[in-house]
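K.L.:
Input structure: work.cif, which contains mmCIF, C-alpha atoms and all ligand atoms.
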data_entry
loop_
_atom_site.label_atom_id
_atom_site.label_comp_id
_atom_site.auth_asym_id
_atom_site.auth_seq_id
_atom_site.Cartn_x
_atom_site.Cartn_y
_atom_site.Cartn_z
CA MET A 24 74.74 42.57 7.23
CA THR A 25 74.88 45.72 9.29
CA ASN A 26 73.12 47.67 6.56
CA THR A 27 70.33 45.16 6.43
CA ARG A 28 69.70 45.46 10.16
CA LEU A 29 69.92 49.25 9.91
CA ASP A 30 67.28 49.20 7.17
CA GLU A 31 65.05 46.96 9.26
CA LEU A 32 65.35 49.20 12.31
CA ALA A 33 64.74 52.30 10.17
CA MET A 34 61.58 50.76 8.73
CA ASN A 35 60.31 49.69 12.14
CA LEU A 36 61.05 53.13 13.53
CA ARG A 37 59.08 54.75 10.71
CA GLU A 38 56.11 52.51 11.54
CA VAL A 39 56.30 53.24 15.26
CA ASN A 40 56.62 56.95 14.54
CA ALA A 41 53.56 56.80 12.29
CA ARG A 42 51.58 55.15 15.11
CA VAL A 43 52.73 57.78 17.60
CA ASP A 44 51.88 60.57 15.10
CA ALA A 45 48.37 59.16 14.64
CA ALA A 46 47.82 58.65 18.36
CA CYS A 47 48.91 62.23 19.12
CA ALA A 48 46.64 63.56 16.40
CA ALA A 49 43.71 61.51 17.73
CA ALA A 50 44.34 62.82 21.24
CA ASN A 51 44.78 66.38 20.03
CA ARG A 52 48.28 66.51 21.48
CA PRO A 53 51.41 67.95 19.86
CA ARG A 54 53.71 65.22 18.55
CA THR A 55 56.58 66.77 20.50
CA ASP A 56 54.81 65.73 23.73
CA VAL A 57 55.71 62.08 23.25
CA HIS A 58 59.18 60.59 23.27
CA ILE A 59 60.08 57.07 22.11
CA LEU A 60 62.26 54.94 24.39
CA ALA A 61 63.79 51.99 22.53
CA VAL A 62 63.63 48.93 24.78
CA THR A 63 66.82 47.11 23.86
CA LYS A 64 66.90 44.39 26.54
CA THR A 65 68.16 41.07 25.10
CA PHE A 66 69.36 42.77 21.89
CA PRO A 67 73.07 43.16 21.11
CA ALA A 68 75.10 46.31 21.64
CA SER A 69 75.44 46.67 17.85
CA ASP A 70 71.69 47.44 17.68
CA LEU A 71 72.15 50.31 20.11
CA ASP A 72 74.79 51.86 17.87
CA LEU A 73 72.45 51.52 14.89
CA LEU A 74 69.57 53.09 16.83
CA ALA A 75 71.82 56.01 17.69
CA GLN A 76 72.45 56.49 13.96
CA LEU A 77 68.66 56.76 13.57
CA ASP A 78 68.56 59.47 16.27
CA CYS A 79 67.03 57.11 18.81
CA THR A 80 69.11 58.21 21.74
CA ASP A 81 67.18 56.76 24.69
CA VAL A 82 67.45 53.05 25.44
CA GLY A 83 65.72 50.91 28.05
CA GLU A 84 67.34 47.94 29.72
CA SER A 85 65.90 45.62 32.35
CA ARG A 86 68.92 43.80 33.77
CA ASP A 87 71.92 45.27 35.51
CA GLN A 88 74.63 42.96 34.23
CA GLU A 89 73.43 42.99 30.64
CA ALA A 90 73.20 46.77 30.60
CA ARG A 91 76.64 47.24 32.12
CA ALA A 92 78.22 44.94 29.56
CA LYS A 93 76.52 46.76 26.69
CA LYS A 94 77.43 50.17 27.98
CA ASP A 95 81.10 49.16 27.80
CA GLU A 96 80.63 48.12 24.16
CA VAL A 97 78.48 50.93 22.79
CA ALA A 98 80.35 53.88 21.38
CA ALA A 99 77.40 56.22 20.78
CA PRO A 100 76.38 58.62 23.54
CA LEU A 101 73.01 57.31 24.70
CA ARG A 102 70.69 58.01 27.58
CA TRP A 103 70.34 54.76 29.55
CA HIS A 104 67.04 53.96 31.29
CA MET A 105 66.63 51.14 33.79
CA ILE A 106 63.07 49.83 33.36
CA GLY A 107 63.27 46.51 35.21
CA GLN A 108 62.97 45.70 38.89
CA VAL A 109 66.07 46.57 40.85
CA GLN A 110 67.29 44.44 43.75
CA ARG A 111 68.66 46.54 46.54
CA LYS A 112 72.10 44.93 46.34
CA LYS A 113 72.27 45.96 42.65
CA ALA A 114 71.27 49.56 43.27
CA LYS A 115 74.81 50.87 43.48
CA HIS A 116 75.73 49.37 40.09
CA VAL A 117 72.52 50.57 38.49
CA ALA A 118 73.03 54.10 39.82
CA ALA A 119 76.44 54.10 38.16
CA TRP A 120 75.40 53.14 34.61
CA ALA A 121 71.85 54.47 34.43
CA ASP A 122 70.88 58.02 33.59
CA VAL A 123 67.26 57.33 34.57
CA VAL A 124 65.78 54.62 36.83
CA GLU A 125 62.10 54.22 35.91
CA SER A 126 61.25 51.42 38.33
CA VAL A 127 61.55 52.94 41.79
CA ASP A 128 58.84 51.13 43.74
CA ARG A 129 59.88 51.24 47.40
CA SER A 130 61.66 53.45 49.85
CA GLU A 131 64.59 51.11 50.55
CA LEU A 132 65.40 51.17 46.84
CA ALA A 133 65.24 54.97 46.70
CA VAL A 134 67.62 55.16 49.65
CA ALA A 135 70.05 52.70 48.04
CA LEU A 136 69.94 54.51 44.68
CA ASN A 137 70.59 57.82 46.40
CA LEU A 138 73.71 56.38 48.03
CA GLY A 139 74.78 54.87 44.70
CA ALA A 140 74.32 58.19 42.90
CA GLN A 141 76.30 59.93 45.61
CA ALA A 142 79.12 57.40 45.25
CA ALA A 143 79.07 57.93 41.48
CA GLY A 144 79.22 61.69 41.97
CA LYS A 145 76.01 62.38 40.07
CA ARG A 146 72.34 63.16 40.33
CA LEU A 147 70.09 60.40 39.06
CA ASP A 148 66.70 60.95 37.43
CA VAL A 149 64.09 58.59 38.82
CA LEU A 150 60.46 57.74 38.08
CA ILE A 151 58.08 56.16 40.56
CA GLN A 152 56.67 52.94 39.15
CA ILE A 153 52.96 52.81 40.01
CA SER A 154 51.06 49.53 40.15
CA LEU A 155 47.94 49.41 37.97
CA ASP A 156 47.08 45.85 38.92
CA PRO A 157 43.76 45.20 40.59
CA SER A 158 44.53 43.75 44.02
CA GLY A 159 44.60 39.97 44.04
CA THR A 160 46.01 39.65 40.49
CA PRO A 161 49.61 38.95 39.50
CA ASN A 162 51.63 42.06 40.18
CA ARG A 163 53.58 43.59 37.31
CA GLY A 164 55.51 45.77 39.69
CA GLY A 165 55.08 49.16 41.25
CA VAL A 166 53.96 50.91 44.39
CA ASP A 167 50.26 51.09 45.27
CA ARG A 168 48.67 54.40 44.32
CA GLY A 169 48.06 55.26 47.96
CA GLU A 170 51.78 55.12 48.72
CA VAL A 171 53.02 57.34 45.89
CA ALA A 172 53.04 60.61 47.84
CA ALA A 173 55.15 59.23 50.71
CA LEU A 174 57.67 57.73 48.29
CA ALA A 175 57.78 61.03 46.39
CA GLU A 176 58.55 62.96 49.57
CA LEU A 177 61.37 60.57 50.40
CA ILE A 178 62.87 60.90 46.90
CA MET A 179 62.59 64.69 46.87
CA GLY A 180 64.28 64.84 50.24
CA SER A 181 67.30 62.84 49.12
CA GLY A 182 70.27 64.77 47.86
CA HIS A 183 71.15 62.89 44.68
CA LEU A 184 67.81 61.97 43.09
CA ASN A 185 65.59 64.04 40.78
CA LEU A 186 61.96 62.90 40.74
CA THR A 187 61.03 63.39 37.08
CA GLY A 188 57.80 61.40 36.74
CA VAL A 189 55.94 58.12 36.89
CA MET A 190 56.09 54.82 35.06
CA ALA A 191 53.58 52.01 34.76
CA VAL A 192 52.85 48.78 32.94
CA ALA A 193 49.22 48.00 32.08
CA PRO A 194 47.83 44.79 33.64
CA LEU A 195 48.03 41.72 31.44
CA GLU A 196 44.41 40.65 31.22
CA ALA A 197 42.59 43.93 31.43
CA ASN A 198 41.57 46.93 29.38
CA PRO A 199 44.61 49.20 29.12
CA GLN A 200 42.42 52.33 28.78
CA ALA A 201 41.04 51.93 32.29
CA ALA A 202 44.52 51.30 33.68
CA PHE A 203 46.05 54.34 31.94
CA GLU A 204 43.18 56.49 33.17
CA LEU A 205 44.05 55.48 36.74
CA LEU A 206 47.68 56.33 36.01
CA ALA A 207 46.68 59.78 34.73
CA GLN A 208 44.77 60.41 37.98
CA ALA A 209 47.68 59.24 40.11
CA HIS A 210 50.03 61.45 38.10
CA GLY A 211 47.73 64.46 38.59
CA ASP A 212 47.78 63.84 42.34
CA LEU A 213 51.57 63.55 42.35
CA LEU A 214 52.03 66.81 40.44
CA ARG A 215 50.47 68.68 43.36
CA VAL A 216 53.38 67.68 45.60
CA ALA A 217 56.02 67.21 42.88
CA PRO A 218 55.42 69.78 40.11
CA ALA A 219 58.63 68.79 38.28
CA ALA A 220 57.55 65.15 37.91
CA LEU A 221 56.25 65.72 34.39
CA THR A 222 57.16 62.44 32.66
CA VAL A 223 54.53 59.76 32.22
CA SER A 224 56.26 56.62 30.95
CA ALA A 225 53.47 54.33 29.77
CA GLY A 226 52.58 52.30 26.72
CA MET A 227 54.50 49.53 24.98
CA SER A 228 54.33 48.00 21.49
CA GLY A 229 50.81 46.68 22.05
CA ASP A 230 49.13 49.58 23.82
CA LEU A 231 50.94 52.80 22.96
CA GLU A 232 47.79 54.37 21.46
CA ALA A 233 45.82 53.96 24.69
CA ALA A 234 48.72 55.31 26.73
CA ILE A 235 49.05 58.41 24.54
CA ALA A 236 45.29 59.00 24.76
CA TYR A 237 45.72 59.18 28.55
CA GLY A 238 48.73 61.46 28.66
CA ALA A 239 51.87 59.35 28.20
CA THR A 240 54.90 61.49 27.45
CA GLN A 241 57.17 58.52 26.83
CA VAL A 242 56.33 55.16 25.26
CA ARG A 243 58.65 52.19 25.82
CA ILE A 244 58.89 50.23 22.59
CA GLY A 245 60.61 46.86 22.31
CA GLY A 246 59.15 44.37 19.85
CA ALA A 247 57.65 46.84 17.37
CA LEU A 248 61.06 48.47 16.96
CA LEU A 249 63.61 45.70 17.41
CA GLY A 250 61.64 42.61 16.40
CA ASN A 251 60.90 39.46 18.34
CA ARG A 252 62.80 39.27 21.54
CA PRO A 253 64.68 36.13 22.50
CA PRO A 254 63.30 34.92 25.87
CA LEU A 255 65.05 36.33 28.94
CA LYS A 256 67.49 33.76 30.29
C1 LIG A 301 60.09 44.75 27.84
C2 LIG A 301 59.43 45.97 28.36
C3 LIG A 301 58.83 46.90 27.48
C4 LIG A 301 58.75 46.73 25.98
O1 LIG A 301 57.70 45.87 25.66
P1 LIG A 301 57.28 45.58 24.14
O2 LIG A 301 55.95 44.92 24.27
O3 LIG A 301 58.32 44.67 23.55
O4 LIG A 301 57.21 46.87 23.43
C5 LIG A 301 58.30 48.05 28.05
N1 LIG A 301 58.32 48.27 29.38
C6 LIG A 301 58.87 47.40 30.25
C7 LIG A 301 58.86 47.71 31.70
C8 LIG A 301 59.43 46.22 29.77
O5 LIG A 301 59.97 45.35 30.64
#
Once you've parsed the file, please lay out its structure as structure tokens.

P.N.:
Amino acid sequence: MTNTRLDELAMNLREVNARVDAACAAANRPRTDVHILAVTKTFPASDLDLLAQLDCTDVGESRDQEARAKKDEVAAPLRWHMIGQVQRKKAKHVAAWADVVESVDRSELAVALNLGAQAAGKRLDVLIQISLDPSGTPNRGGVDRGEVAALAELIMGSGHLNLTGVMAVAPLEANPQAAFELLAQAHGDLLRVAPAALTVSAGMSGDLEAAIAYGATQVRIGGALLGNRPPLK
């Protein structure tokens, strides 16, 4: 059983790697520029151990309780990324289990995560999630581009957070190229005030090529790596 799933994950990983290789080549970027984050939400802890065997050491989770339960079960040393929206009352928990929070989208959350990191006796890496949604369309999360600099200043002024980059999700019904181009501009603006914020977390199973063409340094891959996801409960 376990071997079969390991083989399946290994095959999927080879395919994703081949896509990332090709996208880097097409964009004239070194392959080492782009890191793969395995989005393991809804999948069992056993898959995370198998991914670790395949040298996939970064995992993305979107729900606090699920991630906490898995972290207790997984033996392999992994780097845990929170990629889902964080309620303020959950911030303390998230700051305890996460190594990176990619979905910081408002100042009250940054403040709460800073306190949580302090309580956990650690520094927490955070990314600012930037909204790429045209106004008036369903929002897939993130701060408006005009508010990024103020949020960055707040994060950089807090004692237990490292601002390491930006994250975004392309809008549902639009051309991802245009969205990722906006993200690249917003990231360029941010780098002027936050030169260490080098990570651009963008691109998922369906649009990783477009994201890499516009400078993604991390792609977040769920379905193409782990298979069809059971619906979130
Ligand atoms: C679920 C999720 C992903 C992975 O999406 P796939 O299409 O399965 O690759 C990436 N980013 C975020 C923020 C997600 O919630």

K.L.:
Do a neighbour search on A:Val134 at 12 Å with only C-alpha atoms, toss out local chain neighbours closer than 2 positions, and write the hits as a PyMOL selection string.

P.N.:
chain A and resi 111-112+114-115+118+127-132+136-141+149+174-184

K.L.:
Which residue, A:Asp81, A:Asp156, A:Glu125, A:Asp72, has the smallest gap to ligand LIG 301 (chain A) when you use all atoms listed in the file?

P.N.:
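Closest residue, counting all atoms listed in the file: A:Glu125.
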
K.L.:
Work out where the centre of an axis-aligned box around every listed atom of ligand LIG 301 (chain A) lies and how long its edges are once 6 Å is added on each side; give both in Å to one decimal as AutoDock Vina command-line options.

P.N.:
--center_x 58.0 --center_y 46.5 --center_z 27.6 --size_x 16.1 --size_y 15.6 --size_z 20.3

K.L.:
Between A:Val192, A:Ala217, A:Val166, A:Met34, which is the closest to ligand LIG 301 (chain A) once you count all atoms listed in the file?

P.N.:
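Closest residue, counting all atoms listed in the file: A:Val192.
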
K.L.:
May I have the residues within 10 Å of A:Leu73 as a PDB file with C-alpha atoms, in the frame of the given file, using only C-alpha atoms and disregarding those fewer than 5 positions away in the same chain?

P.N.:
ATOM      1  CA  THR A  25      74.880  45.720   9.290  1.00  0.00           C
ATOM      2  CA  ASN A  26      73.120  47.670   6.560  1.00  0.00           C
ATOM      3  CA  ARG A  28      69.700  45.460  10.160  1.00  0.00           C
ATOM      4  CA  LEU A  29      69.920  49.250   9.910  1.00  0.00           C
ATOM      5  CA  ASP A  30      67.280  49.200   7.170  1.00  0.00           C
ATOM      6  CA  LEU A  32      65.350  49.200  12.310  1.00  0.00           C
ATOM      7  CA  ALA A  33      64.740  52.300  10.170  1.00  0.00           C
ATOM      8  CA  ALA A  68      75.100  46.310  21.640  1.00  0.00           C
ATOM      9  CA  ASP A  78      68.560  59.470  16.270  1.00  0.00           C
ATOM     10  CA  CYS A  79      67.030  57.110  18.810  1.00  0.00           C
ATOM     11  CA  VAL A  97      78.480  50.930  22.790  1.00  0.00           C
ATOM     12  CA  ALA A  99      77.400  56.220  20.780  1.00  0.00           C
TER      13      ALA A  99
END

K.L.:
Can you work out which one of A:Leu155, A:Val82, A:Ala201, A:Met227 has the shortest atom-to-atom distance to ligand LIG 301 (chain A), counting all atoms listed in the file?

P.N.:
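The answer is A:Met227, which sits nearest to ligand LIG 301 (chain A).
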
K.L.:
List all protein, DNA and RNA residues that have at least one atom no more than 6 Å from any atom of ligand LIG 301 (chain A), counting all atoms listed in the file, and write them as a list in words.

P.N.:
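For ligand LIG 301 (chain A), the residues inside 6 Å are Val62, Ile106, Gly107, Met227, Ser228, Gly229, Arg243, Ile244, Gly245 and Gly246 of chain A.
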
K.L.:
Please report the interatomic distance between atom CA of A:Leu195 and atom CA of A:Ser85 in Å with one decimal.

P.N.:
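Taking atom CA of A:Leu195 and atom CA of A:Ser85, their separation equals 18.3 Å.
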
K.L.:
I'd like the neighbourhood of A:Lys94 as a PyMOL selection string, where a residue qualifies if any of its atoms comes within 10 Å (using only C-alpha atoms), though same-chain residues fewer than 6 positions away should be ignored.

P.N.:
chain A and resi 68+71+88+100-101+103+120-121

K.L.:
Could you tell me which of A:Leu60, A:Ala197, A:Val171, A:Ala90 comes closest to A:Ala225 if we count only C-alpha atoms?

P.N.:
A:Leu60

K.L.:
For atom CA of A:Ala207 and atom CA of A:Ala41, quote the distance in Å rounded to one decimal.

P.N.:
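These two atoms are separated by 23.7 Å.
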
K.L.:
For A:Leu214, list every protein, DNA or RNA residue within 9 Å, evaluated using all atoms listed in the file, and leave out those in the same chain fewer than 6 positions away; present the list as a list in words.

P.N.:
Gly188, Ala220 and Leu221 of chain A

K.L.:
Let's have the selection written as a compact mmCIF listing (two decimals), keeping the file's coordinate frame, with C-alpha atoms.

P.N.:
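Result written to again.txt:
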# COMPACT_ATOMS: atom_id res chain seq x y z
CA GLY A 188 57.80 61.40 36.74
CA ALA A 220 57.55 65.15 37.91
CA LEU A 221 56.25 65.72 34.39

K.L.:
With only C-alpha atoms as the basis for distance, which of A:Met190, A:Ala98, A:Asp56, A:Gly238 is at the shortest distance from A:Asp44?

P.N.:
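So, comparing all the options, the nearest one is A:Asp56.
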